[in-house]
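Below: input31.pdb (PDB, C-alpha atoms)
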MODEL        1
ATOM      1  CA  VAL A   1      63.656  70.071  82.801
ATOM      2  CA  LEU A   2      61.215  70.694  85.641
ATOM      3  CA  GLU A   3      60.023  67.969  88.013
ATOM      4  CA  ILE A   4      57.150  68.534  90.437
ATOM      5  CA  GLY A   5      57.515  65.989  93.216
ATOM      6  CA  ALA A   6      60.838  64.280  94.007
ATOM      7  CA  GLY A   7      61.171  60.508  93.906
ATOM      8  CA  ASP A   8      62.690  57.662  91.924
ATOM      9  CA  SER A   9      61.999  59.686  88.775
ATOM     10  CA  THR A  10      64.497  62.306  89.990
ATOM     11  CA  ILE A  11      67.339  59.827  89.583
ATOM     12  CA  ALA A  12      65.989  58.622  86.222
ATOM     13  CA  LEU A  13      65.719  62.167  84.871
ATOM     14  CA  ALA A  14      69.154  63.155  86.160
ATOM     15  CA  ARG A  15      70.734  60.085  84.564
ATOM     16  CA  ALA A  16      68.943  60.805  81.290
ATOM     17  CA  LEU A  17      70.349  64.337  81.270
ATOM     18  CA  ALA A  18      73.835  62.972  81.936
ATOM     19  CA  ASP A  19      73.409  60.571  79.008
ATOM     20  CA  ALA A  20      72.214  63.464  76.831
ATOM     21  CA  VAL A  21      75.356  65.436  77.668
ATOM     22  CA  SER A  22      77.525  62.438  76.774
ATOM     23  CA  SER A  23      75.745  62.061  73.430
ATOM     24  CA  TRP A  24      76.105  65.777  72.730
ATOM     25  CA  ALA A  25      79.854  65.638  73.512
ATOM     26  CA  GLU A  26      80.285  62.716  71.119
ATOM     27  CA  ASP A  27      78.388  64.577  68.385
ATOM     28  CA  ARG A  28      80.397  67.725  68.995
ATOM     29  CA  ARG A  29      83.683  65.808  68.713
ATOM     30  CA  ALA A  30      82.513  64.222  65.466
ATOM     31  CA  LEU A  31      81.644  67.609  63.967
ATOM     32  CA  ASP A  32      84.891  69.242  65.131
ATOM     33  CA  ALA A  33      87.145  66.402  63.958
ATOM     34  CA  PRO A  34      89.164  67.084  60.794
ATOM     35  CA  GLU A  35      88.456  63.636  59.366
ATOM     36  CA  TRP A  36      85.078  62.533  58.018
ATOM     37  CA  SER A  37      83.152  59.783  59.800
ATOM     38  CA  GLU A  38      79.876  57.974  59.263
ATOM     39  CA  ARG A  39      78.460  59.671  62.350
ATOM     40  CA  THR A  40      79.327  63.093  60.949
ATOM     41  CA  ALA A  41      77.174  62.401  57.908
ATOM     42  CA  LEU A  42      74.181  61.755  60.169
ATOM     43  CA  LEU A  43      74.391  65.039  62.071
ATOM     44  CA  ASP A  44      72.738  68.382  61.416
ATOM     45  CA  PRO A  45      75.311  70.915  62.693
ATOM     46  CA  SER A  46      72.642  73.580  63.224
ATOM     47  CA  ASN A  47      71.054  71.389  65.904
ATOM     48  CA  VAL A  48      74.246  70.517  67.757
ATOM     49  CA  PRO A  49      75.009  73.589  69.877
ATOM     50  CA  SER A  50      78.545  74.566  70.817
ATOM     51  CA  ARG A  51      77.459  74.637  74.461
ATOM     52  CA  TYR A  52      74.977  72.291  76.140
ATOM     53  CA  GLU A  53      74.362  72.363  79.892
ATOM     54  CA  PRO A  54      70.913  70.904  80.689
ATOM     55  CA  PHE A  55      69.805  70.715  84.304
ATOM     56  CA  LEU A  56      66.918  69.399  86.355
ATOM     57  CA  ILE A  57      64.851  71.567  88.685
ATOM     58  CA  THR A  58      63.016  69.455  91.264
ATOM     59  CA  ILE A  59      60.342  71.195  93.321
ATOM     60  CA  ASP A  60      59.036  69.457  96.436
ATOM     61  CA  ASP A  61      58.013  70.765  99.848
ATOM     62  CA  PHE A  62      59.085  67.386 101.323
ATOM     63  CA  SER A  63      56.032  67.381 103.561
ATOM     64  CA  GLY A  64      55.598  63.613 103.256
ATOM     65  CA  GLU A  65      56.678  61.455 106.151
ATOM     66  CA  GLY A  66      60.271  60.327 105.958
ATOM     67  CA  THR A  67      61.204  62.653 103.080
ATOM     68  CA  SER A  68      63.677  65.506 102.898
ATOM     69  CA  ALA A  69      65.825  67.316 100.382
ATOM     70  CA  GLU A  70      68.907  65.954 102.159
ATOM     71  CA  LEU A  71      67.708  62.348 101.808
ATOM     72  CA  ALA A  72      66.832  62.873  98.148
ATOM     73  CA  TRP A  73      70.245  64.380  97.439
ATOM     74  CA  SER A  74      72.063  61.574  99.269
ATOM     75  CA  ARG A  75      70.309  59.078  96.984
ATOM     76  CA  LEU A  76      71.401  61.066  93.938
ATOM     77  CA  GLN A  77      75.001  61.112  95.122
ATOM     78  CA  ALA A  78      74.866  57.357  95.721
ATOM     79  CA  ALA A  79      73.652  56.972  92.140
ATOM     80  CA  GLY A  80      76.640  58.958  90.861
ATOM     81  CA  ILE A  81      74.705  62.086  89.829
ATOM     82  CA  GLN A  82      76.863  65.214  89.525
ATOM     83  CA  PRO A  83      75.960  68.135  91.846
ATOM     84  CA  ASN A  84      75.444  70.639  89.018
ATOM     85  CA  THR A  85      72.844  68.424  87.326
ATOM     86  CA  VAL A  86      69.994  68.841  89.847
ATOM     87  CA  LYS A  87      68.690  71.891  91.668
ATOM     88  CA  PHE A  88      66.326  71.158  94.578
ATOM     89  CA  ILE A  89      63.673  73.736  95.448
ATOM     90  CA  GLU A  90      62.291  72.847  98.885
ATOM     91  CA  GLN A  91      59.130  74.930  98.628
ATOM     92  CA  ASP A  92      55.422  74.822  97.874
ATOM     93  CA  PHE A  93      55.179  74.823  94.067
ATOM     94  CA  PHE A  94      52.474  77.486  94.025
ATOM     95  CA  THR A  95      54.648  79.958  95.941
ATOM     96  CA  ILE A  96      57.515  79.980  93.398
ATOM     97  CA  PRO A  97      58.119  83.685  92.538
ATOM     98  CA  ASP A  98      57.976  85.035  89.000
ATOM     99  CA  ASP A  99      61.675  85.952  89.136
ATOM    100  CA  ALA A 100      62.584  82.275  89.533
ATOM    101  CA  TRP A 101      60.488  81.251  86.512
ATOM    102  CA  LYS A 102      62.126  83.972  84.413
ATOM    103  CA  ALA A 103      65.605  82.864  85.491
ATOM    104  CA  TRP A 104      64.914  79.257  84.516
ATOM    105  CA  GLY A 105      63.680  80.224  81.060
ATOM    106  CA  PRO A 106      61.506  78.112  78.712
ATOM    107  CA  LEU A 107      61.103  74.482  79.766
ATOM    108  CA  ASP A 108      61.704  71.532  77.446
ATOM    109  CA  LEU A 109      60.014  69.009  79.735
ATOM    110  CA  VAL A 110      57.729  69.239  82.759
ATOM    111  CA  TRP A 111      57.152  66.052  84.752
ATOM    112  CA  ILE A 112      54.194  66.210  87.188
ATOM    113  CA  ASP A 113      54.300  63.525  89.861
ATOM    114  CA  ALA A 114      52.710  65.029  92.970
ATOM    115  CA  GLY A 115      49.365  65.832  94.538
ATOM    116  CA  THR A 116      45.868  64.845  93.406
ATOM    117  CA  PRO A 117      43.997  65.026  90.075
ATOM    118  CA  ALA A 118      42.710  68.424  91.187
ATOM    119  CA  ASP A 119      46.327  69.514  91.783
ATOM    120  CA  ASP A 120      47.222  68.329  88.269
ATOM    121  CA  ILE A 121      44.786  70.897  86.896
ATOM    122  CA  ARG A 122      46.562  73.660  88.791
ATOM    123  CA  PHE A 123      50.024  72.369  87.817
ATOM    124  CA  VAL A 124      49.072  72.389  84.128
ATOM    125  CA  ALA A 125      47.568  75.856  84.404
ATOM    126  CA  GLN A 126      50.746  77.174  86.047
ATOM    127  CA  THR A 127      53.313  75.567  83.745
ATOM    128  CA  TRP A 128      51.783  75.389  80.258
ATOM    129  CA  ASP A 129      52.776  78.891  79.180
ATOM    130  CA  LYS A 130      56.330  78.182  80.374
ATOM    131  CA  VAL A 131      56.798  75.103  78.160
ATOM    132  CA  ARG A 132      58.834  75.773  75.046
ATOM    133  CA  PRO A 133      57.070  75.173  71.678
ATOM    134  CA  GLY A 134      57.861  71.570  70.832
ATOM    135  CA  GLY A 135      58.272  70.764  74.541
ATOM    136  CA  TYR A 136      56.400  68.237  76.652
ATOM    137  CA  LEU A 137      54.253  68.309  79.740
ATOM    138  CA  VAL A 138      53.934  64.832  81.258
ATOM    139  CA  LEU A 139      51.415  63.605  83.857
ATOM    140  CA  HIS A 140      51.645  60.459  85.937
ATOM    141  CA  GLU A 141      47.956  59.633  86.113
ATOM    142  CA  PRO A 142      45.908  60.391  82.963
ATOM    143  CA  THR A 143      43.480  57.590  83.829
ATOM    144  CA  MET A 144      41.673  56.542  86.981
ATOM    145  CA  LEU A 145      39.750  53.552  88.316
ATOM    146  CA  THR A 146      36.119  54.307  89.094
ATOM    147  CA  THR A 147      32.653  52.746  89.177
ATOM    148  CA  VAL A 148      30.422  53.060  86.109
ATOM    149  CA  ASN A 149      26.953  51.752  85.288
ATOM    150  CA  ARG A 150      26.848  49.176  82.492
ATOM    151  CA  SER A 151      23.593  47.372  81.629
ATOM    152  CA  LEU A 152      22.056  48.034  85.034
ATOM    153  CA  GLN A 153      25.220  46.833  86.756
ATOM    154  CA  THR A 154      27.885  48.815  88.572
ATOM    155  CA  VAL A 155      31.367  47.779  87.476
ATOM    156  CA  LEU A 156      34.915  48.997  87.942
ATOM    157  CA  GLU A 157      36.519  50.563  84.863
ATOM    158  CA  THR A 158      39.617  52.529  84.058
ATOM    159  CA  VAL A 159      38.594  55.834  82.474
ATOM    160  CA  ARG A 160      40.283  59.105  81.616
ATOM    161  CA  SER A 161      40.690  61.544  84.465
ATOM    162  CA  PRO A 162      38.489  64.669  84.190
ATOM    163  CA  LEU A 163      41.513  66.686  83.090
ATOM    164  CA  TRP A 164      42.590  64.141  80.457
ATOM    165  CA  GLU A 165      39.031  63.741  79.179
ATOM    166  CA  GLU A 166      38.741  67.474  78.619
ATOM    167  CA  LEU A 167      42.153  67.729  76.967
ATOM    168  CA  SER A 168      41.249  64.822  74.676
ATOM    169  CA  SER A 169      38.282  66.825  73.382
ATOM    170  CA  ARG A 170      40.539  69.780  72.548
ATOM    171  CA  VAL A 171      43.361  68.119  70.628
ATOM    172  CA  GLY A 172      44.232  70.177  67.572
ATOM    173  CA  GLU A 173      46.937  72.351  66.071
ATOM    174  CA  ASP A 174      48.176  73.671  69.413
ATOM    175  CA  PHE A 175      49.002  70.423  71.209
ATOM    176  CA  GLU A 176      48.999  66.646  70.871
ATOM    177  CA  LEU A 177      48.218  63.940  73.427
ATOM    178  CA  ILE A 178      49.678  60.492  73.964
ATOM    179  CA  THR A 179      48.333  58.122  76.628
ATOM    180  CA  LEU A 180      50.559  55.259  77.796
ATOM    181  CA  PRO A 181      48.355  53.117  80.076
ATOM    182  CA  GLU A 182      49.537  50.625  82.682
ATOM    183  CA  SER A 183      46.476  48.432  82.915
ATOM    184  CA  HIS A 184      47.910  46.219  85.668
ATOM    185  CA  LYS A 185      47.681  49.063  88.209
ATOM    186  CA  TYR A 186      44.776  50.491  90.181
ATOM    187  CA  ARG A 187      46.554  53.802  90.818
ATOM    188  CA  GLN A 188      49.279  55.687  88.980
ATOM    189  CA  SER A 189      48.047  53.648  86.055
ATOM    190  CA  GLY A 190      49.890  55.260  83.186
ATOM    191  CA  VAL A 191      51.645  58.276  81.760
ATOM    192  CA  GLY A 192      50.088  61.067  79.737
ATOM    193  CA  LEU A 193      52.144  63.279  77.422
ATOM    194  CA  ILE A 194      51.103  66.692  76.123
ATOM    195  CA  ARG A 195      53.304  67.975  73.314
ATOM    196  CA  LYS A 196      53.081  71.675  72.564
ATOM    197  CA  SER A 197      53.039  72.452  68.855
ATOM    198  CA  GLN A 198      56.025  74.269  67.385
ATOM    199  CA  SER A 199      53.618  76.927  66.121
ATOM    200  CA  CYS A 200      51.474  77.021  69.253
ATOM    201  CA  ALA A 201      49.660  80.310  69.705
ATOM    202  CA  MET A 202      47.779  80.926  72.912
ATOM    203  CA  PRO A 203      44.104  81.855  72.406
ATOM    204  CA  ALA A 204      42.619  85.113  73.534
ATOM    205  CA  PRO A 205      41.103  85.022  77.036
ATOM    206  CA  GLY A 206      37.490  83.940  77.177
ATOM    207  CA  GLU A 207      35.160  81.722  79.129
ATOM    208  CA  LEU A 208      34.627  78.203  77.800
ATOM    209  CA  MET A 209      31.952  75.747  78.867
ATOM    210  CA  LEU A 210      33.255  72.481  80.263
ATOM    211  CA  ARG A 211      31.959  68.995  79.565
ATOM    212  CA  CYS A 212      33.552  67.477  82.638
ATOM    213  CA  SER A 213      31.104  66.275  85.249
ATOM    214  CA  SER A 214      33.903  66.200  87.851
ATOM    215  CA  GLU A 215      35.717  69.187  89.314
ATOM    216  CA  PRO A 216      34.182  71.810  86.978
ATOM    217  CA  ARG A 217      34.371  74.491  89.640
ATOM    218  CA  VAL A 218      38.141  74.142  89.928
ATOM    219  CA  LEU A 219      38.565  74.165  86.163
ATOM    220  CA  ARG A 220      36.398  77.229  85.661
ATOM    221  CA  GLN A 221      37.993  79.078  88.533
ATOM    222  CA  LEU A 222      41.467  78.594  87.098
ATOM    223  CA  GLN A 223      40.219  79.278  83.551
ATOM    224  CA  ILE A 224      42.734  76.710  82.354
ATOM    225  CA  TRP A 225      40.975  76.307  79.029
ATOM    226  CA  ARG A 226      42.021  79.765  77.942
ATOM    227  CA  ARG A 227      45.310  78.006  77.271
ATOM    228  CA  PHE A 228      43.775  75.046  75.444
ATOM    229  CA  PRO A 229      41.464  76.215  72.608
ATOM    230  CA  LEU A 230      38.493  74.086  71.659
ATOM    231  CA  ARG A 231      39.120  71.924  68.609
ATOM    232  CA  LYS A 232      37.095  69.440  66.630
ATOM    233  CA  GLN A 233      36.577  66.174  68.485
ATOM    234  CA  VAL A 234      38.928  63.472  67.251
ATOM    235  CA  GLU A 235      38.326  59.750  67.305
ATOM    236  CA  ARG A 236      40.675  57.876  69.596
TER     237      ARG A 236
ENDMDL
END

Using structure tokens, write down the structure from this file.
Amino acid sequence: VLEIGAGDSTIALARALADAVSSWAEDRRALDAPEWSERTALLDPSNVPSRYEPFLITIDDFSGEGTSAELAWSRLQAAGIQPNTVKFIEQDFFTIPDDAWKAWGPLDLVWIDAGTPADDIRFVAQTWDKVRPGGYLVLHEPTMLTTVNRSLQTVLETVRSPLWEELSSRVGEDFELITLPESHKYRQSGVGLIRKSQSCAMPAPGELMLRCSSEPRVLRQLQIWRRFPLRKQVER
């Protein structure tokens, strides 16, 4: 699991991994036990590995006021998180070397909780190819509050971010989208999940025109849509 931006979610993710290890150990004991149990009948042995050691990689340059890797780790220890569960990388995300990515291997989950909507575009571009087929890339802010013109009046509305709007137009065989809005918030108003298809095949490089009226230069420059092929528009 990769987390971009440390915070309260670091503790939540670390605890979830600890719970996953506990569940795996229980399943493993059930499969290895000589006697039959109801739980054994529910399990697919091919999907219960003999060894399971998930870990969380948290990348943060800790440039925000009052933040540090030491403070984040002290909070984890206070929450009872084991030292081998979390690896802190105190570094600018975009300076992570290729050797580090190769050592970490395919990612099951990427949680993006840092920077601006423009940064989200770059985070997605950098991590998508590293997500395992069937894995998830999760954003903290798929929607945004902005002014729109309705019947000659300017009103506030929550709309998809430019990135989420473009992804929504490209949903198809290669990935799926789920938007979980939090309508009571002005900012950080939801969670967006991108699930990579098990049979995801990356398209050949090529320029694609963008519908987004916001931040098109950044999108084109990064050529992010080489990774997300154009699909038939779906009704949402």

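Every protein or nucleic acid residue with an atom no more than 12 Å from Thr95 (chain A), counting all atoms listed in the file and leaving out same-chain residues fewer than 4 positions away, appears here: A:Ile59, A:Asp60, A:Asp61, A:Ile89, A:Glu90, A:Gln91, A:Asp99, A:Ala100, A:Trp101, A:Gln126.
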
> Gln188 (chain A): which residues within 10 Å, counting all atoms listed in the file, same-chain residues fewer than 5 positions away excluded, as a count of residues only?
Replying inline: 11

>> For Leu156 (chain A), find every residue with an atom within 9 Å (counting only C-alpha atoms), except residues of its own chain fewer than 2 positions away, and show them as a PyMOL selection string.
In response: chain A and resi 145-149+154+158

>> So that I can check the surroundings of Thr58 (chain A), please list as a list in words every protein, DNA and RNA residue that reaches within 8 Å of it, counting all atoms listed in the file and ignoring chain neighbours fewer than 4 positions away.
In response: Leu2, Glu3, Ile4, Gly5, Ala6, Thr10, Val86, Lys87, Phe88 and Ile89 of chain A

> Selected by the PyMOL selection byres ((chain A and resi 76) around 12) in the shown coordinates: which residues, as number ranges by chain?
Replying inline: A: 6-15, 69-75, 77-88

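Distance check against Ser46 (chain A) using all atoms listed in the file: of A:Gly190, A:Asp19, A:Phe62, A:Asp27, the minimum falls on A:Asp27.
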